[in-house]
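As structure tokens, the structure follows; a few thoughts come after it.
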Amino acid sequence: MEEQQVKTGKIALNYGLLLGAIFVVFGIMLYTQKMHYEMSTAVMVISIVLMAAAIFIAVNSFKKANDGYLAISEALKVAVGVALVGTILSLAYQYVLTNFIEPDFMDKAMEIAKPKAMAQNPNMTEEQWEQGVEMQKSFAWIQYPVGLIINCVIGLIIGLITGLILKKSKAEY
């Protein structure tokens, strides 16, 4: 009689939902502190660390549920699944924030970015700035698929590293 192996999808979904909830709480924290307009390096590093922790815990949980055995392919599946589900929830929150909670989000973000852009490029005219802002607004939707792809690639890399660390093969005999 063969034992039932734990499914990678179930672990990925559970920990992905947990990661998504953490991302939403982190986003709400940034919103309440008025830090959500700019993506600073610290915010990006914290997000990656949160994702890495969730992925490591998920892959380790899968390994424990699988009698201590883990293949790299299973680690990759769990990691990308966690990143995918967590990112979808995070992007859903971002969509609600920028379209319903704070519909003038883009205008405020551009207002904050303008002095920096003008300082970095002193030859830029006001007309050029306005054209750039309008172009950015028309392509704002692209952040969602790009963010999803980037986070899945980061999840893949973290999953590969985690899989290499935690890998344990079943005996051949």
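Identifiers in the structure tokens: chain A, B, ... in order shown; residue index from 1 per chain; ligand index from 1 in order shown.
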
Subject >> Contacts of range 159-166 of chain A at 9 Å (only C-alpha atoms; same-chain gap of 5+ positions) as number ranges by chain >> reply: A: 52, 55-56, 59-60, 63, 69-80, 154

Give me a file of those residues, with N, CA, C and O atoms, as a compact mmCIF listing (two decimals), in the first residue's frame.
```txt
# COMPACT_ATOMS: atom_id res chain seq x y z
N ALA A 52 10.63 35.54 0.79
CA ALA A 52 11.61 34.48 1.01
C ALA A 52 11.27 33.66 2.26
O ALA A 52 11.36 32.43 2.24
N ILE A 55 8.20 31.47 1.51
CA ILE A 55 8.56 30.37 0.61
C ILE A 55 9.38 29.32 1.36
O ILE A 55 9.13 28.12 1.23
N PHE A 56 10.34 29.75 2.16
CA PHE A 56 11.16 28.80 2.91
C PHE A 56 10.29 27.98 3.85
O PHE A 56 10.42 26.75 3.91
N VAL A 59 8.12 25.51 1.72
CA VAL A 59 8.89 24.37 1.19
C VAL A 59 9.27 23.43 2.32
O VAL A 59 9.19 22.21 2.18
N ASN A 60 9.68 23.98 3.46
CA ASN A 60 10.02 23.15 4.61
C ASN A 60 8.80 22.39 5.11
O ASN A 60 8.90 21.21 5.49
N LYS A 63 8.22 19.53 2.80
CA LYS A 63 9.21 18.48 3.06
C LYS A 63 8.80 17.66 4.28
O LYS A 63 8.85 16.43 4.25
N TYR A 69 11.29 14.11 2.62
CA TYR A 69 11.88 14.05 1.28
C TYR A 69 11.42 15.26 0.47
O TYR A 69 10.28 15.71 0.58
N LEU A 70 12.34 15.76 -0.36
CA LEU A 70 12.03 16.91 -1.18
C LEU A 70 12.89 16.88 -2.44
O LEU A 70 14.11 16.77 -2.36
N ALA A 71 12.23 17.00 -3.58
CA ALA A 71 12.94 17.15 -4.85
C ALA A 71 12.97 18.63 -5.19
O ALA A 71 12.09 19.40 -4.78
N ILE A 72 13.97 19.04 -5.93
CA ILE A 72 14.08 20.45 -6.31
C ILE A 72 12.86 20.88 -7.12
O ILE A 72 12.36 21.99 -6.94
N SER A 73 12.35 20.00 -7.98
CA SER A 73 11.17 20.36 -8.78
C SER A 73 9.96 20.65 -7.90
O SER A 73 9.17 21.55 -8.18
N GLU A 74 9.82 19.90 -6.80
CA GLU A 74 8.71 20.15 -5.87
C GLU A 74 8.90 21.49 -5.16
O GLU A 74 7.95 22.24 -4.97
N ALA A 75 10.14 21.79 -4.78
CA ALA A 75 10.43 23.07 -4.13
C ALA A 75 10.10 24.23 -5.07
O ALA A 75 9.54 25.24 -4.65
N LEU A 76 10.44 24.07 -6.35
CA LEU A 76 10.15 25.12 -7.33
C LEU A 76 8.64 25.32 -7.51
O LEU A 76 8.16 26.45 -7.59
N LYS A 77 7.90 24.21 -7.56
CA LYS A 77 6.44 24.31 -7.71
C LYS A 77 5.82 25.03 -6.52
O LYS A 77 4.96 25.91 -6.68
N VAL A 78 6.23 24.64 -5.32
CA VAL A 78 5.69 25.28 -4.12
C VAL A 78 6.05 26.76 -4.10
O VAL A 78 5.21 27.62 -3.85
N ALA A 79 7.31 27.07 -4.39
CA ALA A 79 7.79 28.46 -4.32
C ALA A 79 7.07 29.36 -5.31
O ALA A 79 6.61 30.45 -4.95
N VAL A 80 6.97 28.93 -6.55
CA VAL A 80 6.29 29.75 -7.55
C VAL A 80 4.80 29.87 -7.23
O VAL A 80 4.20 30.93 -7.40
N ILE A 154 11.25 35.94 -8.98
CA ILE A 154 11.90 36.01 -7.67
C ILE A 154 11.56 34.75 -6.87
O ILE A 154 12.43 34.16 -6.22
```

Subject >> range 20-158 of chain A: residues DSSP assigns to alpha helix (DSSP H), reported as a VMD selection string >> reply: chain A and resid 20 to 32 41 to 65 72 to 96 105 to 120 126 to 138 143 to 158

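In this model, the gap between CA of Leu84 in chain A and CA of Asn151 in chain A comes to 7.3 Å.
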
Subject >> Nearest residue to Leu19 in chain A from the set A:Val96, A:Val133, A:Gly155, A:Ile149 (distances using only C-alpha atoms) >> reply: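 Answer, going by the shortest atom-to-atom distance: A:Gly155.
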
So that I can check the surroundings of Ser47 in chain A, please list as a short mmCIF file (atom, residue, chain, number, x, y, z; two decimals) with N, CA and C atoms, in the first residue's frame every protein, DNA and RNA residue that reaches within 12 Å of it, counting only C-alpha atoms and ignoring chain neighbours fewer than 6 positions away.
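Result saved to part06.cif:
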```cif
data_model
loop_
_atom_site.label_atom_id
_atom_site.label_comp_id
_atom_site.auth_asym_id
_atom_site.auth_seq_id
_atom_site.Cartn_x
_atom_site.Cartn_y
_atom_site.Cartn_z
N LEU A 19 0.97 34.65 2.64
CA LEU A 19 1.86 35.70 2.13
C LEU A 19 1.05 36.88 1.60
N GLY A 20 -0.02 36.60 0.89
CA GLY A 20 -0.88 37.67 0.36
C GLY A 20 -1.46 38.51 1.49
N ILE A 22 -0.14 38.92 4.43
CA ILE A 22 0.97 39.69 5.00
C ILE A 22 1.27 40.89 4.10
N PHE A 23 1.29 40.68 2.77
CA PHE A 23 1.52 41.78 1.84
C PHE A 23 0.44 42.86 1.97
N VAL A 24 -0.80 42.46 2.14
CA VAL A 24 -1.90 43.43 2.27
C VAL A 24 -1.74 44.21 3.57
N VAL A 25 -1.43 43.53 4.66
CA VAL A 25 -1.23 44.22 5.94
C VAL A 25 -0.04 45.18 5.83
N PHE A 26 1.03 44.76 5.16
CA PHE A 26 2.19 45.62 4.94
C PHE A 26 1.79 46.83 4.10
N GLY A 27 0.97 46.61 3.07
CA GLY A 27 0.49 47.71 2.23
C GLY A 27 -0.38 48.68 3.00
N LEU A 30 1.87 50.78 5.11
CA LEU A 30 2.49 51.83 4.31
C LEU A 30 1.49 52.95 4.02
N MET A 39 8.19 53.63 -4.07
CA MET A 39 8.72 52.32 -3.74
C MET A 39 10.20 52.49 -3.41
N SER A 40 10.50 52.66 -2.13
CA SER A 40 11.88 52.84 -1.72
C SER A 40 12.59 51.48 -1.69
N THR A 41 13.89 51.53 -1.64
CA THR A 41 14.69 50.30 -1.60
C THR A 41 14.34 49.49 -0.36
N ALA A 53 10.86 34.35 3.32
CA ALA A 53 10.49 33.65 4.55
C ALA A 53 9.27 32.75 4.33
N ALA A 54 8.26 33.28 3.66
CA ALA A 54 7.04 32.49 3.39
C ALA A 54 7.37 31.28 2.52
N ALA A 83 4.48 32.44 -4.45
CA ALA A 83 4.71 33.78 -5.00
C ALA A 83 3.53 34.23 -5.85
N GLY A 86 0.37 34.89 -3.51
CA GLY A 86 0.64 36.08 -2.69
C GLY A 86 0.63 37.35 -3.51
N THR A 87 1.22 37.29 -4.71
CA THR A 87 1.28 38.48 -5.57
C THR A 87 -0.10 38.84 -6.10
N SER A 90 -1.81 40.67 -3.39
CA SER A 90 -1.19 41.98 -3.22
C SER A 90 -1.59 42.94 -4.34
N ASN A 151 7.62 38.92 -9.59
CA ASN A 151 7.52 38.19 -8.33
C ASN A 151 7.58 36.68 -8.53
N ILE A 154 11.25 35.94 -8.98
CA ILE A 154 11.90 36.01 -7.67
C ILE A 154 11.56 34.75 -6.87
N GLY A 155 10.29 34.34 -6.91
CA GLY A 155 9.88 33.11 -6.23
C GLY A 155 10.60 31.89 -6.76
#
```
